[in-house]
>>> print(open('input.pdb').read())   # PDB, C-alpha atoms
ATOM      1  CA  MET A   1      73.481  84.040  30.125
ATOM      2  CA  SER A   2      70.522  86.421  29.794
ATOM      3  CA  ASN A   3      68.002  86.356  32.643
ATOM      4  CA  SER A   4      65.284  87.172  30.103
ATOM      5  CA  ARG A   5      65.467  83.620  28.792
ATOM      6  CA  SER A   6      63.059  81.075  30.253
ATOM      7  CA  PRO A   7      64.407  78.078  32.222
ATOM      8  CA  PHE A   8      63.798  75.854  29.200
ATOM      9  CA  GLU A   9      65.625  78.195  26.813
ATOM     10  CA  GLN A  10      68.552  78.423  29.234
ATOM     11  CA  GLN A  11      68.850  74.629  29.198
ATOM     12  CA  LEU A  12      69.175  74.775  25.393
ATOM     13  CA  ARG A  13      72.195  77.092  25.543
ATOM     14  CA  LEU A  14      75.067  74.868  24.438
ATOM     15  CA  GLU A  15      78.654  76.070  24.153
ATOM     16  CA  LYS A  16      80.814  75.263  21.134
ATOM     17  CA  VAL A  17      83.965  73.406  22.133
ATOM     18  CA  PRO A  18      87.047  75.308  20.851
ATOM     19  CA  ASN A  19      89.037  73.586  18.090
ATOM     20  CA  GLN A  20      86.348  70.915  17.728
ATOM     21  CA  ILE A  21      84.419  70.844  14.458
ATOM     22  CA  GLU A  22      80.972  69.892  15.735
ATOM     23  CA  LYS A  23      81.170  69.294  19.469
ATOM     24  CA  TYR A  24      79.158  71.167  22.089
ATOM     25  CA  VAL A  25      79.020  71.175  25.864
ATOM     26  CA  LYS A  26      76.349  71.944  28.474
ATOM     27  CA  ASN A  27      77.682  72.752  31.917
ATOM     28  CA  PRO A  28      75.632  72.409  35.119
ATOM     29  CA  PRO A  29      73.094  73.264  36.325
ATOM     30  CA  HIS A  30      71.133  70.614  34.421
ATOM     31  CA  TRP A  31      67.482  69.612  34.649
ATOM     32  CA  ALA A  32      68.247  67.139  37.437
ATOM     33  CA  PRO A  33      66.105  67.874  40.544
ATOM     34  CA  GLY A  34      67.803  66.958  43.827
ATOM     35  CA  ASN A  35      70.159  64.071  43.162
ATOM     36  CA  ARG A  36      68.115  62.661  40.308
ATOM     37  CA  PRO A  37      69.886  61.773  37.038
ATOM     38  CA  VAL A  38      69.669  64.308  34.197
ATOM     39  CA  MET A  39      66.150  64.192  32.739
ATOM     40  CA  GLY A  40      66.072  62.228  29.471
ATOM     41  CA  SER A  41      63.510  64.679  28.136
ATOM     42  CA  MET A  42      66.075  67.457  28.165
ATOM     43  CA  LEU A  43      68.755  65.268  26.597
ATOM     44  CA  LEU A  44      66.398  64.806  23.645
ATOM     45  CA  ALA A  45      65.909  68.555  23.307
ATOM     46  CA  GLN A  46      69.590  69.449  23.736
ATOM     47  CA  SER A  47      70.755  66.818  21.253
ATOM     48  CA  MET A  48      68.313  68.145  18.675
ATOM     49  CA  LYS A  49      69.578  71.683  19.279
ATOM     50  CA  ALA A  50      73.165  70.520  18.740
ATOM     51  CA  ALA A  51      72.234  68.758  15.495
ATOM     52  CA  TYR A  52      70.254  71.785  14.241
ATOM     53  CA  SER A  53      73.444  73.841  14.581
ATOM     54  CA  THR A  54      74.848  71.850  11.636
ATOM     55  CA  ILE A  55      71.715  71.907   9.436
ATOM     56  CA  PRO A  56      70.704  74.470   6.727
ATOM     57  CA  SER A  57      67.989  76.882   7.866
ATOM     58  CA  ASP A  58      65.461  75.620   5.304
ATOM     59  CA  PHE A  59      65.487  72.106   6.822
ATOM     60  CA  GLN A  60      63.407  70.802   9.733
ATOM     61  CA  ILE A  61      63.484  67.737  11.964
ATOM     62  CA  HIS A  62      61.661  64.659  10.657
ATOM     63  CA  HIS A  63      62.718  61.717  12.843
ATOM     64  CA  ILE A  64      64.706  60.887  15.993
ATOM     65  CA  SER A  65      65.653  57.438  17.290
ATOM     66  CA  THR A  66      67.273  57.363  20.740
ATOM     67  CA  GLN A  67      69.081  54.693  22.732
ATOM     68  CA  PHE A  68      69.697  55.405  26.430
ATOM     69  CA  PHE A  69      72.805  53.744  27.915
ATOM     70  CA  HIS A  70      73.541  55.262  31.320
ATOM     71  CA  ALA A  71      71.980  57.820  33.646
ATOM     72  CA  GLY A  72      73.465  61.301  33.350
ATOM     73  CA  ASN A  73      75.097  62.808  36.442
ATOM     74  CA  GLY A  74      73.510  66.153  37.279
ATOM     75  CA  LYS A  75      76.795  67.524  38.620
ATOM     76  CA  LEU A  76      78.962  66.862  35.540
ATOM     77  CA  SER A  77      79.170  68.587  32.159
ATOM     78  CA  LEU A  78      77.471  66.972  29.163
ATOM     79  CA  ALA A  79      79.264  66.681  25.811
ATOM     80  CA  PHE A  80      77.319  66.527  22.524
ATOM     81  CA  GLU A  81      79.281  65.325  19.493
ATOM     82  CA  VAL A  82      77.493  65.625  16.144
ATOM     83  CA  VAL A  83      78.425  63.255  13.305
ATOM     84  CA  ARG A  84      77.278  64.010   9.753
ATOM     85  CA  THR A  85      75.896  60.954   7.930
ATOM     86  CA  THR A  86      74.043  62.555   5.001
ATOM     87  CA  ASP A  87      73.891  65.991   3.395
ATOM     88  CA  GLY A  88      71.549  65.793   0.429
ATOM     89  CA  LYS A  89      69.443  68.238  -1.525
ATOM     90  CA  ASN A  90      66.249  67.348   0.339
ATOM     91  CA  ASN A  91      67.395  65.388   3.389
ATOM     92  CA  ALA A  92      70.169  65.338   5.959
ATOM     93  CA  GLY A  93      71.225  62.833   8.607
ATOM     94  CA  ARG A  94      73.025  63.288  11.910
ATOM     95  CA  ILE A  95      74.105  61.114  14.830
ATOM     96  CA  VAL A  96      74.546  62.784  18.214
ATOM     97  CA  HIS A  97      76.675  61.078  20.868
ATOM     98  CA  VAL A  98      76.044  62.345  24.404
ATOM     99  CA  SER A  99      78.674  61.603  27.037
ATOM    100  CA  GLN A 100      80.100  62.612  30.406
ATOM    101  CA  GLU A 101      83.828  62.172  31.014
ATOM    102  CA  GLN A 102      84.021  59.704  28.091
ATOM    103  CA  LYS A 103      81.109  57.639  29.467
ATOM    104  CA  PRO A 104      78.290  57.230  26.898
ATOM    105  CA  ILE A 105      74.920  58.492  28.155
ATOM    106  CA  CYS A 106      72.811  58.121  25.006
ATOM    107  CA  MET A 107      72.976  58.156  21.209
ATOM    108  CA  MET A 108      70.465  59.730  18.842
ATOM    109  CA  THR A 109      70.047  59.181  15.122
ATOM    110  CA  MET A 110      68.224  62.067  13.430
ATOM    111  CA  SER A 111      66.890  62.808   9.972
ATOM    112  CA  PHE A 112      66.004  66.261   8.655
ATOM    113  CA  ILE A 113      64.035  67.174   5.550
ATOM    114  CA  ARG A 114      63.741  70.313   3.484
ATOM    115  CA  LYS A 115      60.642  72.171   4.643
ATOM    116  CA  PRO A 116      57.793  70.785   2.525
ATOM    117  CA  LEU A 117      56.043  72.838  -0.128
ATOM    118  CA  LEU A 118      52.261  72.444   0.061
ATOM    119  CA  ASP A 119      51.716  72.340  -3.680
ATOM    120  CA  GLY A 120      48.601  70.167  -3.694
ATOM    121  CA  LEU A 121      50.444  67.221  -5.255
ATOM    122  CA  SER A 122      51.056  65.267  -2.043
ATOM    123  CA  LEU A 123      48.793  63.504   0.447
ATOM    124  CA  LYS A 124      47.805  65.281   3.643
ATOM    125  CA  TYR A 125      45.714  63.819   6.469
ATOM    126  CA  GLN A 126      45.941  63.111  10.196
ATOM    127  CA  ASN A 127      44.210  61.509  13.174
ATOM    128  CA  VAL A 128      41.630  63.833  14.717
ATOM    129  CA  ILE A 129      42.414  65.189  18.169
ATOM    130  CA  PRO A 130      40.410  63.357  20.888
ATOM    131  CA  LYS A 131      37.727  65.191  22.837
ATOM    132  CA  ILE A 132      39.304  65.541  26.281
ATOM    133  CA  GLU A 133      38.561  68.093  28.993
ATOM    134  CA  GLU A 134      40.600  71.276  28.785
ATOM    135  CA  PRO A 135      43.755  71.617  30.925
ATOM    136  CA  ASP A 136      43.832  73.770  34.051
ATOM    137  CA  ASP A 137      46.587  76.394  33.883
ATOM    138  CA  GLU A 138      46.910  76.294  37.691
ATOM    139  CA  ILE A 139      47.789  72.587  37.871
ATOM    140  CA  ASN A 140      51.261  71.131  37.367
ATOM    141  CA  ASP A 141      51.644  67.440  38.194
ATOM    142  CA  MET A 142      55.403  67.835  37.600
ATOM    143  CA  LYS A 143      55.673  70.592  40.220
ATOM    144  CA  PHE A 144      58.363  68.972  42.317
ATOM    145  CA  LEU A 145      60.453  67.889  39.349
ATOM    146  CA  SER A 146      59.990  70.621  36.753
ATOM    147  CA  MET A 147      62.411  73.332  38.068
ATOM    148  CA  GLY A 148      60.233  75.786  36.130
ATOM    149  CA  ILE A 149      61.123  74.100  32.846
ATOM    150  CA  LEU A 150      57.891  72.263  32.107
ATOM    151  CA  SER A 151      54.262  71.834  33.173
ATOM    152  CA  ALA A 152      52.206  68.661  32.803
ATOM    153  CA  GLN A 153      48.792  67.332  33.774
ATOM    154  CA  HIS A 154      47.739  63.708  33.757
ATOM    155  CA  MET A 155      44.090  63.360  32.722
ATOM    156  CA  ALA A 156      41.697  60.559  33.642
ATOM    157  CA  ARG A 157      41.963  57.563  31.340
ATOM    158  CA  LYS A 158      39.435  57.003  28.562
ATOM    159  CA  ILE A 159      38.242  53.442  29.203
ATOM    160  CA  LYS A 160      35.124  51.520  28.314
ATOM    161  CA  PRO A 161      33.894  50.152  31.679
ATOM    162  CA  GLU A 162      33.174  46.724  30.211
ATOM    163  CA  ALA A 163      36.417  46.549  28.211
ATOM    164  CA  THR A 164      38.613  43.505  28.715
ATOM    165  CA  ASN A 165      40.877  44.184  25.719
ATOM    166  CA  PHE A 166      43.872  46.302  26.745
ATOM    167  CA  GLU A 167      44.061  47.800  23.244
ATOM    168  CA  GLU A 168      40.924  49.810  24.071
ATOM    169  CA  HIS A 169      42.635  51.509  27.032
ATOM    170  CA  LYS A 170      44.287  54.893  26.526
ATOM    171  CA  SER A 171      45.833  57.461  28.862
ATOM    172  CA  TYR A 172      46.024  61.207  28.297
ATOM    173  CA  ALA A 173      48.219  64.073  29.448
ATOM    174  CA  TYR A 174      48.761  67.734  28.664
ATOM    175  CA  ILE A 175      52.344  69.019  28.531
ATOM    176  CA  LYS A 176      53.994  72.352  27.748
ATOM    177  CA  VAL A 177      57.445  73.852  28.291
ATOM    178  CA  SER A 178      58.135  77.232  29.876
ATOM    179  CA  GLY A 179      57.955  80.298  27.665
ATOM    180  CA  ILE A 180      59.824  80.380  24.355
ATOM    181  CA  SER A 181      60.618  83.819  22.953
ATOM    182  CA  ASP A 182      61.014  82.627  19.346
ATOM    183  CA  PRO A 183      58.075  82.710  16.886
ATOM    184  CA  ALA A 184      55.893  79.662  16.260
ATOM    185  CA  GLY A 185      57.565  76.920  14.221
ATOM    186  CA  ALA A 186      61.105  77.906  15.271
ATOM    187  CA  VAL A 187      63.801  75.416  16.279
ATOM    188  CA  ASN A 188      63.345  75.861  20.036
ATOM    189  CA  HIS A 189      59.690  74.852  19.689
ATOM    190  CA  HIS A 190      60.783  71.667  17.909
ATOM    191  CA  CYS A 191      63.167  70.978  20.799
ATOM    192  CA  GLY A 192      60.349  71.631  23.242
ATOM    193  CA  LEU A 193      58.176  69.072  21.480
ATOM    194  CA  ALA A 194      60.948  66.479  21.755
ATOM    195  CA  ALA A 195      61.181  67.122  25.491
ATOM    196  CA  ALA A 196      57.399  67.006  25.972
ATOM    197  CA  SER A 197      57.109  63.711  24.111
ATOM    198  CA  ASP A 198      58.998  61.912  26.898
ATOM    199  CA  ILE A 199      56.823  63.149  29.785
ATOM    200  CA  PHE A 200      54.275  60.686  31.253
ATOM    201  CA  PHE A 201      54.838  58.537  28.147
ATOM    202  CA  LEU A 202      55.817  55.265  29.815
ATOM    203  CA  ASP A 203      53.070  55.633  32.419
ATOM    204  CA  ALA A 204      50.588  54.009  30.028
ATOM    205  CA  GLY A 205      51.724  50.512  30.963
ATOM    206  CA  ALA A 206      51.251  51.177  34.668
ATOM    207  CA  ARG A 207      47.920  52.937  34.319
ATOM    208  CA  LEU A 208      46.563  50.038  32.288
ATOM    209  CA  HIS A 209      46.437  48.109  35.589
ATOM    210  CA  ASN A 210      45.714  51.108  37.851
ATOM    211  CA  LEU A 211      49.215  50.920  39.295
ATOM    212  CA  GLN A 212      50.233  53.918  41.393
ATOM    213  CA  ILE A 213      53.141  56.072  40.219
ATOM    214  CA  GLY A 214      54.592  58.627  42.642
ATOM    215  CA  LEU A 215      55.517  62.097  41.441
ATOM    216  CA  GLY A 216      55.724  63.749  44.830
ATOM    217  CA  GLU A 217      58.146  65.930  46.721
ATOM    218  CA  ALA A 218      60.018  62.898  48.075
ATOM    219  CA  GLN A 219      61.688  62.571  44.709
ATOM    220  CA  ILE A 220      63.843  65.665  45.202
ATOM    221  CA  THR A 221      65.051  65.019  48.730
ATOM    222  CA  GLU A 222      68.671  64.092  49.366
ATOM    223  CA  SER A 223      67.583  60.540  50.227
ATOM    224  CA  TYR A 224      66.134  60.011  46.758
ATOM    225  CA  THR A 225      67.377  57.106  44.641
ATOM    226  CA  PRO A 226      66.349  56.346  41.025
ATOM    227  CA  TRP A 227      64.151  53.533  42.371
ATOM    228  CA  ASP A 228      62.204  55.707  44.853
ATOM    229  CA  PHE A 229      58.648  56.358  43.662
ATOM    230  CA  ARG A 230      57.061  57.436  46.970
ATOM    231  CA  SER A 231      54.287  60.015  46.861
ATOM    232  CA  THR A 232      51.291  61.471  48.653
ATOM    233  CA  VAL A 233      47.597  61.112  47.948
ATOM    234  CA  ASN A 234      45.860  63.635  45.694
ATOM    235  CA  ALA A 235      42.211  63.123  46.567
ATOM    236  CA  ALA A 236      40.941  65.495  43.899
ATOM    237  CA  ARG A 237      42.829  63.746  41.105
ATOM    238  CA  PRO A 238      43.275  60.119  42.242
ATOM    239  CA  TRP A 239      44.729  58.915  38.943
ATOM    240  CA  ILE A 240      47.901  60.972  39.326
ATOM    241  CA  GLN A 241      49.468  59.673  42.526
ATOM    242  CA  GLY A 242      48.910  57.423  45.502
ATOM    243  CA  PRO A 243      50.168  56.736  49.036
ATOM    244  CA  LYS A 244      52.640  54.096  47.879
ATOM    245  CA  SER A 245      54.009  53.337  44.441
ATOM    246  CA  ASP A 246      53.448  49.948  42.851
ATOM    247  CA  LEU A 247      56.651  50.344  40.817
ATOM    248  CA  ALA A 248      60.136  49.706  42.109
ATOM    249  CA  ALA A 249      61.635  50.971  38.841
ATOM    250  CA  MET A 250      60.543  52.573  35.564
ATOM    251  CA  VAL A 251      63.349  53.538  33.162
ATOM    252  CA  SER A 252      63.374  54.613  29.500
ATOM    253  CA  LEU A 253      65.391  52.329  27.226
ATOM    254  CA  ASN A 254      64.723  53.832  23.804
ATOM    255  CA  HIS A 255      62.528  56.515  22.267
ATOM    256  CA  THR A 256      61.526  57.175  18.646
ATOM    257  CA  ILE A 257      59.732  60.294  17.379
ATOM    258  CA  TYR A 258      58.263  61.101  13.958
ATOM    259  CA  PHE A 259      57.528  64.808  13.506
ATOM    260  CA  HIS A 260      54.656  66.040  11.334
ATOM    261  CA  ASP A 261      53.262  69.541  10.683
ATOM    262  CA  LEU A 262      55.363  71.974  12.734
ATOM    263  CA  ALA A 263      54.804  75.137  10.674
ATOM    264  CA  LYS A 264      52.717  76.946  13.332
ATOM    265  CA  PHE A 265      53.603  74.845  16.354
ATOM    266  CA  ARG A 266      54.327  76.323  19.800
ATOM    267  CA  ALA A 267      55.739  74.103  22.540
ATOM    268  CA  ASP A 268      54.858  76.652  25.238
ATOM    269  CA  ASP A 269      51.135  76.060  24.728
ATOM    270  CA  TRP A 270      49.388  72.897  25.888
ATOM    271  CA  ILE A 271      50.151  69.727  23.893
ATOM    272  CA  LEU A 272      47.761  66.790  24.230
ATOM    273  CA  MET A 273      49.338  63.317  24.423
ATOM    274  CA  GLU A 274      47.359  60.120  23.865
ATOM    275  CA  ALA A 275      49.278  56.973  24.857
ATOM    276  CA  ARG A 276      48.559  53.262  24.699
ATOM    277  CA  THR A 277      50.628  50.152  25.313
ATOM    278  CA  SER A 278      50.685  47.251  22.877
ATOM    279  CA  ALA A 279      53.007  44.700  24.516
ATOM    280  CA  ALA A 280      54.954  43.855  27.672
ATOM    281  CA  TYR A 281      57.414  41.018  28.137
ATOM    282  CA  GLY A 282      60.481  40.303  30.253
ATOM    283  CA  GLY A 283      60.248  43.610  32.100
ATOM    284  CA  ARG A 284      60.041  45.589  28.832
ATOM    285  CA  VAL A 285      56.933  47.641  28.086
ATOM    286  CA  LEU A 286      56.201  49.042  24.605
ATOM    287  CA  VAL A 287      54.163  52.257  24.365
ATOM    288  CA  ASP A 288      52.907  54.310  21.402
ATOM    289  CA  SER A 289      51.683  57.893  21.530
ATOM    290  CA  LYS A 290      50.345  60.748  19.438
ATOM    291  CA  LEU A 291      50.711  64.445  20.234
ATOM    292  CA  TRP A 292      48.458  67.291  19.079
ATOM    293  CA  SER A 293      48.920  71.039  19.349
ATOM    294  CA  ARG A 294      46.286  73.162  21.093
ATOM    295  CA  ASP A 295      44.631  73.901  17.729
ATOM    296  CA  GLY A 296      44.240  70.203  16.873
ATOM    297  CA  VAL A 297      47.224  69.640  14.556
ATOM    298  CA  LEU A 298      48.950  66.262  14.889
ATOM    299  CA  VAL A 299      52.576  67.283  15.473
ATOM    300  CA  ALA A 300      54.300  64.011  16.416
ATOM    301  CA  SER A 301      53.943  60.239  16.749
ATOM    302  CA  CYS A 302      56.159  58.274  19.128
ATOM    303  CA  THR A 303      57.155  54.780  20.169
ATOM    304  CA  ALA A 304      59.170  53.999  23.290
ATOM    305  CA  GLU A 305      60.288  51.006  25.309
ATOM    306  CA  GLY A 306      60.785  51.109  29.035
ATOM    307  CA  TYR A 307      61.952  48.799  31.784
ATOM    308  CA  TYR A 308      59.410  48.098  34.540
ATOM    309  CA  ARG A 309      60.041  46.424  37.870
ATOM    310  CA  LEU A 310      56.990  45.904  40.095
ATOM    311  CA  THR A 311      56.786  45.829  43.862
ATOM    312  CA  LYS A 312      55.105  42.802  45.432
ATOM    313  CA  GLU A 313      51.971  44.893  45.889
ATOM    314  CA  GLY A 314      52.062  45.950  42.246
ATOM    315  CA  ALA A 315      52.497  42.376  41.065
ATOM    316  CA  SER A 316      49.494  41.361  43.158
ATOM    317  CA  LYS A 317      47.342  44.024  41.488
ATOM    318  CA  VAL A 318      48.372  42.865  38.018
ATOM    319  CA  SER A 319      47.589  39.234  38.834
ATOM    320  CA  LYS A 320      44.023  40.231  39.751
ATOM    321  CA  SER A 321      43.476  42.338  36.631
ATOM    322  CA  ARG A 322      41.006  41.294  33.964
ATOM    323  CA  LEU A 323      43.457  42.231  31.210
TER     324      LEU A 323
END
>>> encode(input="input.pdb", output="structure tokens")
Amino acid sequence: MSNSRSPFEQQLRLEKVPNQIEKYVKNPPHWAPGNRPVMGSMLLAQSMKAAYSTIPSDFQIHHISTQFFHAGNGKLSLAFEVVRTTDGKNNAGRIVHVSQEQKPICMMTMSFIRKPLLDGLSLKYQNVIPKIEEPDDEINDMKFLSMGILSAQHMARKIKPEATNFEEHKSYAYIKVSGISDPAGAVNHHCGLAAASDIFFLDAGARLHNLQIGLGEAQITESYTPWDFRSTVNAARPWIQGPKSDLAAMVSLNHTIYFHDLAKFRADDWILMEARTSAAYGGRVLVDSKLWSRDGVLVASCTAEGYYRLTKEGASKVSKSRL
């Protein structure tokens, strides 16, 4: 494997399984800091890369729907099996099954479309990018988890002080992957967008009630468990982490992405995410998001559902909330 490739690009290097029509494997090391499970963000990107290997070059990703079943073991190889569902003139469909030693990790349904011709005969519009402060290239709130693959910054929430309607509450983050050597609009940038779309996404439900979410160094120690959200205080940026997490668990259950204008998109430049939650019931939290490129182009819209489990302290905070 070439050392000139960035950590993100190295994670996208899948090996074709001999004598298998459309099956690929990724051997360790994975993006799995310490003894954490394999990051779901990278599973999204790797599955897309596997599916793209079976798609004509004049097609691009349009939609992904993901179901997560089990946590991936960072010490075992990952298998990606691509199933063709449709091969049409203007669209193609694929299902990617991800497994480890025959154990299903996740399944992704994908649709691809022929790259659109801007002939003036179709509608074109988008939501305008919000006016949020610019990101700081020196800050990475994923420092202890990123392994050089990705950078992210959680921004202060945009909230009307008098608001009592949770629909008016939004959270923001900037995300980018490590350098990609391919030109703008290439497949690896699409994969980078898929990975970025899963970062800080589910946090919207917690931040609605000012719940603390740890992203500190404790998460990569040998004593880490998937339920450990301990952290340290960041006095300069109090919205990012606190002395003790109010969440006992936060796990992705499913994730859907619609891709938009990717012609000039680069995933190694800052992407702005705006997220809001619309419902929570029975431990499930539903979140929607939009993602814009640095130049203001809406590149993706997402919906995800996660499982939340509060600590007693977290539950107490929620009970006192106005929302």
>>> residues_around(input="input.pdb", residues="Cys191 in chain A", least_positions_apart="3", cutoff="7 Å", atoms="all atoms listed in the file", output="list in words")
Ala45, Met48, Lys49, Val187, Asn188, Ala194 and Ala195 of chain A
>>> closest_residue(input="input.pdb", among="A:Ala280, A:Leu14, A:Ala249, A:Val287", to="Ala50 in chain A", atoms="all atoms listed in the file")
A:Leu14
>>> closest_residue(input="input.pdb", among="A:Ile61, A:Leu247, A:Ile180, A:Ile105", to="Ser316 in chain A", atoms="only C-alpha atoms")
A:Leu247
>>> closest_residue(input="input.pdb", among="A:Ile139, A:Met107, A:Leu310, A:Met273", to="Ile213 in chain A", atoms="only C-alpha atoms")
A:Leu310
>>> atom_distance(input="input.pdb", atom1="CA of Pro104 in chain A", atom2="CA of Glu81 in chain A")
11.0 Å
>>> residues_around(input="input.pdb", residues="Val297 in chain A", least_positions_apart="5", cutoff="10 Å", atoms="all atoms listed in the file", output="VMD selection string")
chain A and resid 126 to 129 260 to 262 264 to 265 271 291 to 292
>>> atom_distance(input="input.pdb", atom1="CA of Met110 in chain A", atom2="CA of Ala275 in chain A")
22.7 Å
>>> residues_around(input="input.pdb", residues="Thr85 in chain A", least_positions_apart="4", cutoff="9 Å", atoms="only C-alpha atoms", output="PyMOL selection string")
chain A and resi 92-95
>>> residues_near_point(input="input.pdb", point="(61.2, 67.7, 15.5)", cutoff="6 Å", atoms="all atoms listed in the file", output="list in words")
Ile61, His62, His190 and Phe259 of chain A
>>> atom_distance(input="input.pdb", atom1="CA of Leu76 in chain A", atom2="CA of Met250 in chain A")
23.3 Å
>>> closest_residue(input="input.pdb", among="A:Ile257, A:Leu78, A:Ile64, A:Leu121", to="Pro28 in chain A", atoms="only C-alpha atoms")
A:Leu78
>>> residues_around(input="input.pdb", residues="Ile175 in chain A", least_positions_apart="4", cutoff="9 Å", atoms="only C-alpha atoms", output="PDB file with C-alpha atoms, in the frame of the given file")
ATOM      1  CA  LEU A 150      57.891  72.263  32.107  1.00  0.00           C
ATOM      2  CA  SER A 151      54.262  71.834  33.173  1.00  0.00           C
ATOM      3  CA  ALA A 152      52.206  68.661  32.803  1.00  0.00           C
ATOM      4  CA  GLN A 153      48.792  67.332  33.774  1.00  0.00           C
ATOM      5  CA  HIS A 154      47.739  63.708  33.757  1.00  0.00           C
ATOM      6  CA  ALA A 196      57.399  67.006  25.972  1.00  0.00           C
ATOM      7  CA  SER A 197      57.109  63.711  24.111  1.00  0.00           C
ATOM      8  CA  ILE A 199      56.823  63.149  29.785  1.00  0.00           C
ATOM      9  CA  PHE A 200      54.275  60.686  31.253  1.00  0.00           C
ATOM     10  CA  ALA A 267      55.739  74.103  22.540  1.00  0.00           C
ATOM     11  CA  ASP A 268      54.858  76.652  25.238  1.00  0.00           C
ATOM     12  CA  ASP A 269      51.135  76.060  24.728  1.00  0.00           C
ATOM     13  CA  TRP A 270      49.388  72.897  25.888  1.00  0.00           C
ATOM     14  CA  ILE A 271      50.151  69.727  23.893  1.00  0.00           C
ATOM     15  CA  LEU A 272      47.761  66.790  24.230  1.00  0.00           C
ATOM     16  CA  MET A 273      49.338  63.317  24.423  1.00  0.00           C
TER      17      MET A 273
END
>>> resolve_selection(input="input.pdb", expression="the PyMOL selection byres ((chain A and resi 60) around 10)", output="list in words")
Tyr52, Ile55, Pro56, Ser57, Asp58, Phe59, Ile61, His62, His63, Asn91, Ala92, Ser111, Phe112, Ile113, Arg114, Lys115, Pro116, Gly185, Ala186, Val187, His190, Phe259, Leu262 and Ala263 of chain A
>>> closest_residue(input="input.pdb", among="A:Val177, A:Ala184, A:Val82, A:Ala279", to="Gly148 in chain A", atoms="only C-alpha atoms")
A:Val177
>>> residues_around(input="input.pdb", residues="Ala204 in chain A", least_positions_apart="6", cutoff="10 Å", atoms="all atoms listed in the file", output="PyMOL selection string")
chain A and resi 157+169-172+210-211+274-278+285-289
>>> write_last_selection(input="input.pdb", atoms="C-alpha atoms", output="compact mmCIF listing (two decimals), in the coordinates of the input")
# COMPACT_ATOMS: atom_id res chain seq x y z
CA ARG A 157 41.96 57.56 31.34
CA HIS A 169 42.64 51.51 27.03
CA LYS A 170 44.29 54.89 26.53
CA SER A 171 45.83 57.46 28.86
CA TYR A 172 46.02 61.21 28.30
CA ASN A 210 45.71 51.11 37.85
CA LEU A 211 49.22 50.92 39.30
CA GLU A 274 47.36 60.12 23.86
CA ALA A 275 49.28 56.97 24.86
CA ARG A 276 48.56 53.26 24.70
CA THR A 277 50.63 50.15 25.31
CA SER A 278 50.68 47.25 22.88
CA VAL A 285 56.93 47.64 28.09
CA LEU A 286 56.20 49.04 24.60
CA VAL A 287 54.16 52.26 24.36
CA ASP A 288 52.91 54.31 21.40
CA SER A 289 51.68 57.89 21.53
>>> resolve_selection(input="input.pdb", expression="the PyMOL selection byres ((chain A and resi 21) around 12)", output="list in words")
Lys16, Val17, Pro18, Asn19, Gln20, Glu22, Lys23, Tyr24, Ser53, Thr54, Phe80, Glu81, Val82, Val83 and Arg84 of chain A
>>> build_atoms(input="input.pdb", residues="range 246-257 of chain A", atoms="N, CA and C atoms", output="short mmCIF file (atom, residue, chain, number, x, y, z; two decimals), in the coordinates of the input")
data_model
loop_
_atom_site.label_atom_id
_atom_site.label_comp_id
_atom_site.auth_asym_id
_atom_site.auth_seq_id
_atom_site.Cartn_x
_atom_site.Cartn_y
_atom_site.Cartn_z
N ASP A 246 53.43 51.37 43.19
CA ASP A 246 53.45 49.95 42.85
C ASP A 246 54.62 49.59 41.95
N LEU A 247 55.48 50.57 41.67
CA LEU A 247 56.65 50.34 40.82
C LEU A 247 57.94 50.52 41.62
N ALA A 248 58.81 49.55 41.51
CA ALA A 248 60.14 49.71 42.11
C ALA A 248 61.08 50.41 41.15
N ALA A 249 60.80 50.31 39.85
CA ALA A 249 61.64 50.97 38.84
C ALA A 249 60.83 51.18 37.57
N MET A 250 61.10 52.29 36.88
CA MET A 250 60.54 52.57 35.56
C MET A 250 61.56 53.43 34.83
N VAL A 251 62.22 52.88 33.82
CA VAL A 251 63.35 53.54 33.16
C VAL A 251 63.17 53.47 31.65
N SER A 252 63.43 54.59 30.97
CA SER A 252 63.37 54.61 29.50
C SER A 252 64.58 53.88 28.92
N LEU A 253 64.33 53.04 27.92
CA LEU A 253 65.39 52.33 27.23
C LEU A 253 65.65 52.91 25.84
N ASN A 254 64.58 53.23 25.13
CA ASN A 254 64.72 53.83 23.80
C ASN A 254 63.49 54.66 23.50
N HIS A 255 63.61 55.55 22.53
CA HIS A 255 62.53 56.52 22.27
C HIS A 255 62.63 56.96 20.81
N THR A 256 61.55 56.79 20.06
CA THR A 256 61.53 57.18 18.65
C THR A 256 60.41 58.19 18.42
N ILE A 257 60.71 59.24 17.67
CA ILE A 257 59.73 60.29 17.38
C ILE A 257 59.69 60.55 15.88
#
